[in-house]
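Visitor: Can you read through this structure? Questions will come right after.
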Amino acid sequence: MKTFQASIFGAAALAIAFAAQAQDYRAQAISMMKRDFHAKGIAHMDRLNEDALQLICNRSHNEPPKGIAETLQHDQLATIQYPADGKFLGDWKAGEKLAQNGRGMTWKDGGKPSGGSCYNCHQIGPATTSFGDIGNSLLHFGKIRGYGPDVQKYVYGKIYNAKAYNLCSKMPRFGHSGTLTEKQIKDLVALLLDPNSPVNK
Amino acid sequence: MSSIKLRAVVALSGLALVCAAQAAQKESAPPKKAAVHAKKAAAAKDPVAADFEKFHEIMEEDSPAELFEAKGAEMWKTKRGPKHVSLEKCNLGLGPGVVKGAYVQMPRYFADTGQMMDAERRIVYCMVKLQGFKEADLAKKPFSKGSYLPDPVALVTYVAGQSRNMKIAVPQKLPQERAAYKLGEEIFNYRAGPWDFSCATCHGEDNKRIRTQNLPNLASKVDAVRAFQGWPGYRMTGGLMHTLQWRMNDCFRQQRFPEPGYASETIADLLTYMGVNANGYLYKGPGIKR
C-alpha cells in the first residue's frame, strides 16, 4: 500500500514536473544567459533583467491582453518628461544628423553622445534612400499629420517613450532609456514637424 | 596560389575597402556623397550590393574562404599544443576523426561533456582536451582582426568545408537536443536591455531591412538557411574570415546586450534553433558575406 501510494504520488509529481518544464524553458534560458554573459563597457549585466513592460511583452509574444496593455501604456505615458519651457521644436538640421547616427548604448559606445538610429527603421528625408523599413515611412510627416501643438506633443512623446502609444512596439524608448536628451528629441521633432525641414518639402 | 585566385584576392581587398568605408558611414552620419550614391542606385540596388553580386559570380568557383580551409586542414593534421598531438582523433559527433558531414549535423548533444556543442565549441573542446590548450587563452581573442586569424576560425572553416554540398541535418533525436531548440527559441525572442530588442525585433518578420542590409527572418524556414549558408564567411567589410560565433557576438552588441561568452551554451542553443529551422537545405560550404 505504501509503495502504491508512493508511486501515485511520484507519477503525479513527475507529470507536474513535466508541465512545469514546458513552462520553464524561458526561466531556464534567462538563467543560462545570466551565467554565460559578462559586462562589457557600458553594457552591464543588469541589462539582462526584464523591466515590467519587457516582461509582459515577452510573456505575451508582444500581444498583451487589451486591459493590461492599456494600464501599462498609461504607466509608460506617465514616464514622459515634457520640456519645461513648453517648446517642442528644435533645429531640424541637428535632428537630421541624429536620425542618421546609429551609435548609442552598445558596449563599443561608452562616452560618445548617442544618435537615434531613426533611418535604420524609417524612411524620413527624401535625400536618403538607404533607409530601413521596420517602422513606417515618416516622409511628409508634418504635411500629412499637421504641424499643431498636439502633433508636436505626440511626436515628442513618441520619441521619448514609444511604448506609451503601442506597448510592445519595436521602437526603443529613447528618452526613457536615457539615450537621447531633451534637446536632441526637440531637434528630431523639428526634423519631422518643421515646415522648412526637407521631410515636409 | 593560382593567378585567378591572386587577382581575385587583390580585387577583393579593394572592394573590402569600399565596404569598410560604407560600414563606417553607416554608424555615423553618411556624407552627402553616400546619399547621392544611394540615390543613383535606388532604382536597382545599392552599389556595394551590385559589386558584391558581380564578385560573388567571379568567386563562385574560387572562393577566398578556400585559402582558410586549406590553412585549417593543415592545422588539423599538425601536432600542436602543449601535448603535441594533432586533432585527428577529435570526435565531432560522428566518431573520432570523422570530419566529413559533421558540420551540417551540429550543434548536437555530446554525452562526454553533457553539453550542446556547435562546431566551434566542440573544436575548442578538442583543442583543450586533446592538445592541452587553455580554454581561457582561446577565449581571449576569438575573432579575426587585422592580420590576426584565431586558430579555431581556420579549423571551423576547414571542418565546414568538409560538409560542402550536404544537406543541413541538425539532429533533434535526443531530449537534450529538443530542449536546446526550445531554449534557443526563448533566447531568440527575449526582449531586454535599454532598447528593448530581441533577435526577433530585427529578424522576426519577412522582407525587412536595416538601411540597405536585408534582415533574414530567422524564425522562418525560407530565411533561416541564411544563418547557415555562407558561414563561416569571408566578410568583405574589413576583409576578415568570420564564423557564426562572431556573427552572434556582433548581433548581441547591436541588441545592446552585455557580451555573450565565446563558445557558450547560449550560443550553441541559439545556433540549434536557427539550424533546425534551416534543416533540409543544401549547405554550400564556407562563403563570402558582405
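Ordering of the C-alpha cells sets the chain letters (A, B, ...), residue numbers begin anew at 1 in every chain, and ligands are numbered from 1 in the order given.
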For Ala99 (chain A), please output as a list in words all residues within 8 Å (counting only C-alpha atoms; exclusion window: fewer than 6 positions along the same chain).
Guide: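 Once the adjacent positions are removed, what remains is Gly115, Gly116, Ser117, Cys118, Tyr119 and Leu188 of chain A.
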Visitor: Any idea what the distance is between CA of Cys202 (chain B) and CA of Leu244 (chain B)?
Guide: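 About the pair CA of Cys202 (chain B) and CA of Leu244 (chain B): they are 17.1 Å apart.
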Visitor: What lies within 12 Å of Ala179 (chain B) using only C-alpha atoms, ignoring chain neighbours under 6 positions off, as a PyMOL selection string?
Guide: (chain A and resi 21-26+28-29) or (chain B and resi 108-109+115-116+171-173+185-186+268-270+272-273)
Visitor: Dump as a ChimeraX atom specification the residues of chain A that approach chain B to within 8 Å, counting only C-alpha atoms.
Guide: /A:25-26,28-30,32-33,36-40,43-45,47-51,54,57-58,97-98,100-103,105-107,119-121,127-134,170-174,177
Visitor: What is the CA of Pro232 (chain B) to CA of Val124 (chain B) distance in Å?
Guide: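 These atoms are spaced 15.7 Å apart.
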